Amino acid sequence: MKKILVTGALGQIGSELTGKLRAVYGADNVIATDIRSNESDVVFDGPFEILDVMDDKKMHDIVKRNKVDTIIHLAALLSATAELKPLLAWNLNMGGLVNALEVAREENCQFFTPSSIGAFGPTTPKDHTPQDTIQRPTTMYGVNKVSGELLCDYYYHKFGVDTRGLRFPGLISYVAPPGGGTTDYAVEIYYEALQKQKYTSYIGEGTYMDMMYMPDALQAIVSLMEADPAKLIHRNSFNVTAMSFEPEQVAAEIRKHIPAFTMDYQVDPARQKIADSWPNSIDPTAAKEEWGFKAEYNLENMTVDMLEKLKAKLNV
């Protein structure tokens, strides 16, 4: 990767990945784009352009004008939001992906877009979910992700586009606020613990889901994109994970640092239904074997870092 375009750069992943890429490859070599602007470092610390990913002509112009060789396509609606607006999710998530893939094909760009554990469904094996298994999701977000995996496979086999992708679990970060995902509780709980010393979980007790701390997710993207293509078998759908837990385990870990913290439950049926359709834990063996994936954070050391960083951020 020498000249990189990031779509959705102000979103959950992009707001942190852009900075990491600029640190590694040089600020001038990472062009951040989003449908809106704000006052963040993403906008002011390097090239930034307004881009609606449904505008394929403008996307093509930005790539050609900047001599981009790598497209990181992140623009999408997340799971809970997508379920509320399914047609918008289909049009944006799939239409934007097709546009980005077409530009990658025309300009011979390396290509990354994230998939998700949302690509699995209620008939998928729930524990240690294999890399290759049944995928029959029951959400629009999941349908988008399965379709995206297949479409990226198609562009690789049909046109030779160097497509790559990861099935991310829930991503936990102290930088970007929650953005409409089913696993957002695992971010919100740290904010509430510090600000109110209590939290009401919308995900039910005993609901296990895979999670990953954002620094591990960002490193996974860079490592995959730098990996030897000859060693990649799965390309667009690598299972990656760092930990699997249910809400009470997060609360228990937080209480080690904030003993007065309490949590109760008020389950959101819509998001609980999505969570129940996802695996309890997934198997990342293929990612480890094909490009050396390794996560550094578990629930314990992530909690220490989250609380430390959020104390400074929230000034509490």
# chains A, B, ... in the order shown; residues from 1 in each chain; ligands from 1
>>> select_by_dssp(residues="stretch 89-276 of chain A", states="alpha helix (DSSP H)", output="PyMOL selection string")
chain A and resi 89+95-107+140-159+185-195+214-226+247-255+269-276
>>> closest_residue(among="A:Asn301, A:Ser223, A:Asn280, A:Thr182", to="A:Ser201", atoms="only C-alpha atoms")
A:Thr182
>>> residues_around(residues="A:Leu74", least_positions_apart="4", cutoff="8 Å", atoms="only C-alpha atoms", output="list in words")
Val6, Thr7, Gly8, Ala9, Gly11, Ile13, Gly14, Thr113 and Pro114 of chain A
>>> residues_around(residues="A:Gln110", least_positions_apart="6", cutoff="8 Å", atoms="only C-alpha atoms", output="list in words")
Met1, Asp69, Thr70, Ile71, Ala104, Val161, Asp162 and Thr163 of chain A
>>> atom_distance(atom1="atom CA of A:Leu314", atom2="atom CA of A:Ala217")
23.5 Å
